Protein chains: 2
Amino acid sequence: MTVTSVHDPSHREALWELEDAFERGDLISVFGRCTVAYEGRAASDLGAGDRLLVLKPDGAALVHTDEGRQPVNWQPPGSEHRAAVRGRQLRVRSTRTNPDETLTVRFSDVHQLSAMAVTGGRDLTLHGSEEDLRTRILERPELVEPGFEPRETERPSSAGPMDVFGVDAAGNPVVVELKRRRVGPDAVGQLARYVRALGEELGAAEADPDGTGGDGDDDAPFVRGVLVAPSVTDRAAERLADRGFDHVALEPTPEE
Amino acid sequence: MTVTSVHDPSHREALWELEDAFERGDLISVFGRCTVAYEGRAASDLGAGDRLLVLKPDGAALVHTDEGRQPVNWQPPGSEHRAAVRGRQLRVRSTRTNPDETLTVRFSDVHQLSAMAVTGGRDLTLHGSEEDLRTRILERPELVEPGFEPRETERPSSAGPMDVFGVDAAGNPVVVELKRRRVGPDAVGQLARYVRALGEELGAAEADPDGTGGDGDDDAPFVRGVLVAPSVTDRAAERLADRGFDHVALEPTPEE
DNA sequence: CCATCTATGTCGAGC
DNA sequence: GCTCGACGTAGATGG
């Protein structure tokens, strides 16, 4: 069987099982009454209570209570687990370096300990990401606006690579920033940096406060900024308006 | 006993145990071979493999593999768990609304199922946080610089509340931004927004590129910006220099 | 409920 | 190794 499990073990029994499981590289879960101490980037102490300790063969350690998605205490992958019996307690300690951090779980009672050898099945495929949004726009540029022509993705600039670079129906350069979900003002700032960088590179006017457009008399092209996202916060909308940028409401995947 | 646990249960046995545990409000862990499907803000599929499913009475659900601190799939607190036998599979589904999200775990084999009633012990005390840093500075203002006098914490401004507001030995207003660890350029931008907001409010010059100081002839006070953090990245240092701000190297807790 | 900010964020990519 | 930006970020706090 791939799973070993003991119910209400003595500390010494639990220690044997833990050390065997460490040796085998098992995924381990321990129910029990414990205190938890953490010392590292910060420091914390947690009084006695019933909790679930998960120990992974890659060094990750998680202490979960009955609430929250987040563990109440943890140690990242790359740590080293050790266990020992200290007096009336079973001590499980997970340490790592860089930064130096230690997580110590002291069990007064171990109610249940299980360990499972884990095999395969790490092929997670996530849909609806920013890449899906880019694909969607490259396949159907008119979703951005009629006449839009993508020219380049991840186009380099002094402000970093812009998501999509293209031209509009009038031939103006367009910087498109993609966000897979509702965005705040930070995304507008990011878009503004790309637009400014491209404007400087092309020797163009960055903005057009008069609203007279850049396709007129002067030769310098007017660089437009378009933010593609499902929606924007109020403050982001303000900043878009300030900068003269456009917002296109678009989901990373088609509705239904 | 506060813990129930079954080894290699039939799907029907596992279903009974799950429903009892839901009823009791237990913290549940399930080892088994399963596929995972998520549909909501994004969507994902995960092929068959051995994993650990954790179900919490507050509605949180976590699917953990043998690697990583993060669950490979999850559902936040506030979701509702349901279980059913569907053909040759035990299906555990966790759903929530706003946004509509569904996590479905289909077990072909359940190796081990445990459930524990959890009581008390949620009194986590965390040290070394940003609040500790503020406390430290208010108690010993000279750590910022000789003659510094804190006047207000969380002082409101049009750019939001600033961590600490005070005056320096020369009487210049000082905005102090606190960070508990090494910071990047974003923190400088935040500080700059506060300094500008305060400058506009006081009708003062925001910056002093000439380095002539603001304690001289003109009446308008010169608003200084000080970033207190253990250290800063190179790019952050550049931006600090550009803006004429100061950096004070300080840990949230005294060394040793 | 929405908007903003912090985090022992975690995680992955680029340098 | 460090830095930077994204995340189904989570979680807390204030309007």
# chains A, B, ... in the order shown; residues from 1 in each chain; ligands from 1

call {"tool": "select_by_dssp", "arguments": {"residues": "segment 62-241 of chain B", "states": "strand (DSSP E or B)", "output": "number ranges by chain"}}
result
B: 62-64, 73-75, 80-86, 89-96, 101-116, 125-127, 149-155, 162-167, 173-178, 183, 224-229, 232

call {"tool": "closest_atom_pairs", "arguments": {"of": "chain C", "to": "chain B", "cutoff": "12 Å", "atoms": "only C-alpha atoms (C1' of nucleotides)", "output": "CSV"}}
result
residue,atom,partner,partner_atom,distance
C:DC1,C1',B:Asn98,CA,10.6
C:DT4,C1',B:Gly160,CA,9.3
C:DC5,C1',B:Gly160,CA,10.4
C:DT6,C1',B:Glu130,CA,9.3
C:DA7,C1',B:Ser129,CA,9.7
C:DT8,C1',B:Leu126,CA,9.3
C:DG9,C1',B:Gln70,CA,10.9
C:DT10,C1',B:Gln70,CA,7.2
C:DC11,C1',B:Gln70,CA,9.1

call {"tool": "closest_residue", "arguments": {"among": "A:Ala43, A:Val6, A:Leu133, A:Ile28", "to": "His81 of chain A", "atoms": "only C-alpha atoms"}}
result
A:Ile28

call {"tool": "interface_residues", "arguments": {"of": "chain B", "to": "chain D", "cutoff": "10 Å", "atoms": "only C-alpha atoms (C1' of nucleotides)", "output": "ChimeraX atom specification"}}
result
/B:38-44,73-76,101,184-185,233-235

call {"tool": "select_by_dssp", "arguments": {"residues": "segment 136-199 of chain A", "states": "helix (DSSP H, G or I)", "output": "PDB file with N, CA and C atoms, in the first residue's frame"}}
result
ATOM      1  N   ARG A 136      -6.054  35.873 -28.246  1.00  0.00           N
ATOM      2  CA  ARG A 136      -7.362  36.285 -28.732  1.00  0.00           C
ATOM      3  C   ARG A 136      -7.256  37.564 -29.568  1.00  0.00           C
ATOM      4  N   ILE A 137      -6.446  38.484 -29.096  1.00  0.00           N
ATOM      5  CA  ILE A 137      -6.309  39.764 -29.794  1.00  0.00           C
ATOM      6  C   ILE A 137      -5.541  39.623 -31.102  1.00  0.00           C
ATOM      7  N   LEU A 138      -4.527  38.775 -31.112  1.00  0.00           N
ATOM      8  CA  LEU A 138      -3.768  38.583 -32.344  1.00  0.00           C
ATOM      9  C   LEU A 138      -4.637  37.918 -33.403  1.00  0.00           C
ATOM     10  N   GLU A 139      -5.536  37.036 -32.950  1.00  0.00           N
ATOM     11  CA  GLU A 139      -6.414  36.359 -33.913  1.00  0.00           C
ATOM     12  C   GLU A 139      -7.538  37.279 -34.394  1.00  0.00           C
ATOM     13  N   PRO A 141      -7.869  41.137 -34.192  1.00  0.00           N
ATOM     14  CA  PRO A 141      -7.415  42.493 -33.823  1.00  0.00           C
ATOM     15  C   PRO A 141      -8.563  43.495 -33.757  1.00  0.00           C
ATOM     16  N   GLU A 142      -9.646  43.238 -34.495  1.00  0.00           N
ATOM     17  CA  GLU A 142     -10.759  44.196 -34.499  1.00  0.00           C
ATOM     18  C   GLU A 142     -11.411  44.285 -33.117  1.00  0.00           C
ATOM     19  N   LEU A 143     -11.133  43.331 -32.242  1.00  0.00           N
ATOM     20  CA  LEU A 143     -11.663  43.419 -30.878  1.00  0.00           C
ATOM     21  C   LEU A 143     -11.073  44.620 -30.156  1.00  0.00           C
ATOM     22  N   PRO A 185      -4.869  51.726 -10.858  1.00  0.00           N
ATOM     23  CA  PRO A 185      -4.056  52.792 -11.473  1.00  0.00           C
ATOM     24  C   PRO A 185      -2.651  52.342 -11.859  1.00  0.00           C
ATOM     25  N   ASP A 186      -2.132  51.312 -11.194  1.00  0.00           N
ATOM     26  CA  ASP A 186      -0.768  50.878 -11.485  1.00  0.00           C
ATOM     27  C   ASP A 186      -0.613  50.469 -12.946  1.00  0.00           C
ATOM     28  N   ALA A 187      -1.654  49.830 -13.501  1.00  0.00           N
ATOM     29  CA  ALA A 187      -1.573  49.392 -14.894  1.00  0.00           C
ATOM     30  C   ALA A 187      -1.488  50.591 -15.836  1.00  0.00           C
ATOM     31  N   VAL A 188      -2.171  51.683 -15.482  1.00  0.00           N
ATOM     32  CA  VAL A 188      -2.117  52.884 -16.319  1.00  0.00           C
ATOM     33  C   VAL A 188      -0.712  53.465 -16.294  1.00  0.00           C
ATOM     34  N   GLY A 189      -0.100  53.446 -15.108  1.00  0.00           N
ATOM     35  CA  GLY A 189       1.272  53.923 -14.993  1.00  0.00           C
ATOM     36  C   GLY A 189       2.217  53.114 -15.870  1.00  0.00           C
ATOM     37  N   GLN A 190       2.021  51.805 -15.851  1.00  0.00           N
ATOM     38  CA  GLN A 190       2.850  50.925 -16.675  1.00  0.00           C
ATOM     39  C   GLN A 190       2.689  51.263 -18.160  1.00  0.00           C
ATOM     40  N   LEU A 191       1.430  51.400 -18.580  1.00  0.00           N
ATOM     41  CA  LEU A 191       1.153  51.756 -19.976  1.00  0.00           C
ATOM     42  C   LEU A 191       1.798  53.100 -20.324  1.00  0.00           C
ATOM     43  N   ALA A 192       1.688  54.064 -19.398  1.00  0.00           N
ATOM     44  CA  ALA A 192       2.247  55.396 -19.642  1.00  0.00           C
ATOM     45  C   ALA A 192       3.764  55.332 -19.848  1.00  0.00           C
ATOM     46  N   ARG A 193       4.439  54.467 -19.093  1.00  0.00           N
ATOM     47  CA  ARG A 193       5.886  54.350 -19.250  1.00  0.00           C
ATOM     48  C   ARG A 193       6.238  53.834 -20.642  1.00  0.00           C
ATOM     49  N   TYR A 194       5.474  52.844 -21.122  1.00  0.00           N
ATOM     50  CA  TYR A 194       5.738  52.324 -22.467  1.00  0.00           C
ATOM     51  C   TYR A 194       5.491  53.394 -23.524  1.00  0.00           C
ATOM     52  N   VAL A 195       4.373  54.097 -23.380  1.00  0.00           N
ATOM     53  CA  VAL A 195       4.021  55.121 -24.371  1.00  0.00           C
ATOM     54  C   VAL A 195       5.092  56.212 -24.415  1.00  0.00           C
ATOM     55  N   ARG A 196       5.524  56.635 -23.224  1.00  0.00           N
ATOM     56  CA  ARG A 196       6.558  57.669 -23.179  1.00  0.00           C
ATOM     57  C   ARG A 196       7.856  57.160 -23.807  1.00  0.00           C
ATOM     58  N   ALA A 197       8.228  55.918 -23.446  1.00  0.00           N
ATOM     59  CA  ALA A 197       9.468  55.348 -23.982  1.00  0.00           C
ATOM     60  C   ALA A 197       9.407  55.283 -25.507  1.00  0.00           C
ATOM     61  N   LEU A 198       8.282  54.817 -26.021  1.00  0.00           N
ATOM     62  CA  LEU A 198       8.148  54.707 -27.478  1.00  0.00           C
ATOM     63  C   LEU A 198       8.120  56.085 -28.128  1.00  0.00           C
ATOM     64  N   GLY A 199       7.445  57.017 -27.447  1.00  0.00           N
ATOM     65  CA  GLY A 199       7.403  58.378 -27.971  1.00  0.00           C
ATOM     66  C   GLY A 199       8.795  58.964 -28.091  1.00  0.00           C
TER      67      GLY A 199
END

call {"tool": "decode", "arguments": {"residues": "segment 151-251 of chain B", "atoms": "C-alpha atoms", "output": "PDB file, in the first residue's frame"}}
result
ATOM      1  CA  ARG B 151       4.383  64.795  14.927  1.00  0.00           C
ATOM      2  CA  GLU B 152       1.766  62.383  13.593  1.00  0.00           C
ATOM      3  CA  THR B 153       1.295  58.827  12.374  1.00  0.00           C
ATOM      4  CA  GLU B 154      -1.044  57.849   9.556  1.00  0.00           C
ATOM      5  CA  ARG B 155      -1.342  61.546   8.735  1.00  0.00           C
ATOM      6  CA  PRO B 156      -3.951  61.906   5.969  1.00  0.00           C
ATOM      7  CA  SER B 157      -3.034  63.433   2.622  1.00  0.00           C
ATOM      8  CA  SER B 158      -4.552  63.524  -0.827  1.00  0.00           C
ATOM      9  CA  ALA B 159      -2.239  60.618  -1.676  1.00  0.00           C
ATOM     10  CA  GLY B 160      -3.404  58.594   1.339  1.00  0.00           C
ATOM     11  CA  PRO B 161      -2.125  58.308   4.898  1.00  0.00           C
ATOM     12  CA  MET B 162       1.632  58.682   5.361  1.00  0.00           C
ATOM     13  CA  ASP B 163       3.358  56.399   7.863  1.00  0.00           C
ATOM     14  CA  VAL B 164       5.037  59.105   9.960  1.00  0.00           C
ATOM     15  CA  PHE B 165       4.978  62.877   9.599  1.00  0.00           C
ATOM     16  CA  GLY B 166       7.391  65.090  11.541  1.00  0.00           C
ATOM     17  CA  VAL B 167       9.909  67.901  11.404  1.00  0.00           C
ATOM     18  CA  ASP B 168      13.678  67.878  11.254  1.00  0.00           C
ATOM     19  CA  ALA B 169      16.171  69.876  13.342  1.00  0.00           C
ATOM     20  CA  ALA B 170      15.805  72.839  10.958  1.00  0.00           C
ATOM     21  CA  GLY B 171      12.018  72.762  11.196  1.00  0.00           C
ATOM     22  CA  ASN B 172      11.457  71.337   7.711  1.00  0.00           C
ATOM     23  CA  PRO B 173       8.479  69.034   7.302  1.00  0.00           C
ATOM     24  CA  VAL B 174       9.526  65.407   6.850  1.00  0.00           C
ATOM     25  CA  VAL B 175       7.522  62.541   5.394  1.00  0.00           C
ATOM     26  CA  VAL B 176       8.770  59.147   6.596  1.00  0.00           C
ATOM     27  CA  GLU B 177       7.861  55.955   4.762  1.00  0.00           C
ATOM     28  CA  LEU B 178       8.430  52.695   6.645  1.00  0.00           C
ATOM     29  CA  LYS B 179       9.219  49.328   5.115  1.00  0.00           C
ATOM     30  CA  ARG B 180      10.023  46.276   7.183  1.00  0.00           C
ATOM     31  CA  ARG B 181      12.384  44.822   4.607  1.00  0.00           C
ATOM     32  CA  ARG B 182      14.489  45.572   1.539  1.00  0.00           C
ATOM     33  CA  VAL B 183      12.470  47.625  -0.920  1.00  0.00           C
ATOM     34  CA  GLY B 184      12.322  48.220  -4.659  1.00  0.00           C
ATOM     35  CA  PRO B 185      11.441  51.333  -6.698  1.00  0.00           C
ATOM     36  CA  ASP B 186       7.716  51.093  -5.929  1.00  0.00           C
ATOM     37  CA  ALA B 187       8.285  52.276  -2.362  1.00  0.00           C
ATOM     38  CA  VAL B 188      10.100  55.397  -3.626  1.00  0.00           C
ATOM     39  CA  GLY B 189       7.129  56.165  -5.859  1.00  0.00           C
ATOM     40  CA  GLN B 190       4.816  55.856  -2.885  1.00  0.00           C
ATOM     41  CA  LEU B 191       6.989  58.202  -0.814  1.00  0.00           C
ATOM     42  CA  ALA B 192       7.134  60.664  -3.726  1.00  0.00           C
ATOM     43  CA  ARG B 193       3.340  60.795  -3.906  1.00  0.00           C
ATOM     44  CA  TYR B 194       3.118  61.674  -0.207  1.00  0.00           C
ATOM     45  CA  VAL B 195       5.834  64.317  -0.482  1.00  0.00           C
ATOM     46  CA  ARG B 196       4.186  65.911  -3.489  1.00  0.00           C
ATOM     47  CA  ALA B 197       0.746  65.822  -1.839  1.00  0.00           C
ATOM     48  CA  LEU B 198       2.115  67.458   1.306  1.00  0.00           C
ATOM     49  CA  GLY B 199       4.073  69.968  -0.744  1.00  0.00           C
ATOM     50  CA  GLU B 200       0.954  71.025  -2.602  1.00  0.00           C
ATOM     51  CA  GLU B 201      -0.988  71.193   0.630  1.00  0.00           C
ATOM     52  CA  LEU B 202       1.613  73.413   2.288  1.00  0.00           C
ATOM     53  CA  GLY B 203       2.266  75.396  -0.888  1.00  0.00           C
ATOM     54  CA  ALA B 204       5.893  74.427  -0.674  1.00  0.00           C
ATOM     55  CA  ALA B 205       8.564  73.469  -3.152  1.00  0.00           C
ATOM     56  CA  GLU B 206       8.478  69.734  -3.675  1.00  0.00           C
ATOM     57  CA  ALA B 207      12.104  69.225  -4.461  1.00  0.00           C
ATOM     58  CA  ASP B 208      15.367  71.059  -4.185  1.00  0.00           C
ATOM     59  CA  PRO B 209      17.539  70.031  -7.121  1.00  0.00           C
ATOM     60  CA  ASP B 210      20.101  72.771  -6.393  1.00  0.00           C
ATOM     61  CA  GLY B 211      20.818  71.305  -2.998  1.00  0.00           C
ATOM     62  CA  THR B 212      20.671  74.755  -1.467  1.00  0.00           C
ATOM     63  CA  GLY B 213      18.272  73.610   1.178  1.00  0.00           C
ATOM     64  CA  GLY B 214      14.915  74.994   2.114  1.00  0.00           C
ATOM     65  CA  ASP B 215      15.814  76.580   5.421  1.00  0.00           C
ATOM     66  CA  GLY B 216      17.030  79.738   3.821  1.00  0.00           C
ATOM     67  CA  ASP B 217      15.436  82.836   2.413  1.00  0.00           C
ATOM     68  CA  ASP B 218      12.042  81.712   1.124  1.00  0.00           C
ATOM     69  CA  ASP B 219       9.199  81.177   3.564  1.00  0.00           C
ATOM     70  CA  ALA B 220       7.747  78.107   1.825  1.00  0.00           C
ATOM     71  CA  PRO B 221       9.001  75.053   3.736  1.00  0.00           C
ATOM     72  CA  PHE B 222      10.901  72.368   1.850  1.00  0.00           C
ATOM     73  CA  VAL B 223       9.228  68.968   2.268  1.00  0.00           C
ATOM     74  CA  ARG B 224      11.738  66.185   2.780  1.00  0.00           C
ATOM     75  CA  GLY B 225      11.186  62.499   2.106  1.00  0.00           C
ATOM     76  CA  VAL B 226      12.853  59.791   4.166  1.00  0.00           C
ATOM     77  CA  LEU B 227      12.604  56.087   3.435  1.00  0.00           C
ATOM     78  CA  VAL B 228      13.258  53.880   6.461  1.00  0.00           C
ATOM     79  CA  ALA B 229      14.019  50.291   5.475  1.00  0.00           C
ATOM     80  CA  PRO B 230      16.723  47.696   6.154  1.00  0.00           C
ATOM     81  CA  SER B 231      18.094  48.256   2.644  1.00  0.00           C
ATOM     82  CA  VAL B 232      17.123  49.313  -0.877  1.00  0.00           C
ATOM     83  CA  THR B 233      17.662  47.885  -4.363  1.00  0.00           C
ATOM     84  CA  ASP B 234      20.008  49.675  -6.772  1.00  0.00           C
ATOM     85  CA  ARG B 235      17.152  51.027  -8.848  1.00  0.00           C
ATOM     86  CA  ALA B 236      15.385  52.250  -5.739  1.00  0.00           C
ATOM     87  CA  ALA B 237      18.590  54.012  -4.671  1.00  0.00           C
ATOM     88  CA  GLU B 238      18.725  55.775  -8.038  1.00  0.00           C
ATOM     89  CA  ARG B 239      15.184  56.970  -7.737  1.00  0.00           C
ATOM     90  CA  LEU B 240      15.805  58.144  -4.174  1.00  0.00           C
ATOM     91  CA  ALA B 241      18.782  60.177  -5.403  1.00  0.00           C
ATOM     92  CA  ASP B 242      16.768  61.587  -8.329  1.00  0.00           C
ATOM     93  CA  ARG B 243      14.074  62.824  -5.987  1.00  0.00           C
ATOM     94  CA  GLY B 244      16.479  64.087  -3.354  1.00  0.00           C
ATOM     95  CA  PHE B 245      15.148  61.711  -0.711  1.00  0.00           C
ATOM     96  CA  ASP B 246      17.107  60.074   2.086  1.00  0.00           C
ATOM     97  CA  HIS B 247      17.411  56.455   3.051  1.00  0.00           C
ATOM     98  CA  VAL B 248      17.826  55.380   6.664  1.00  0.00           C
ATOM     99  CA  ALA B 249      18.967  51.779   7.100  1.00  0.00           C
ATOM    100  CA  LEU B 250      16.991  50.355  10.004  1.00  0.00           C
ATOM    101  CA  GLU B 251      15.669  46.920  10.959  1.00  0.00           C
TER     102      GLU B 251
END
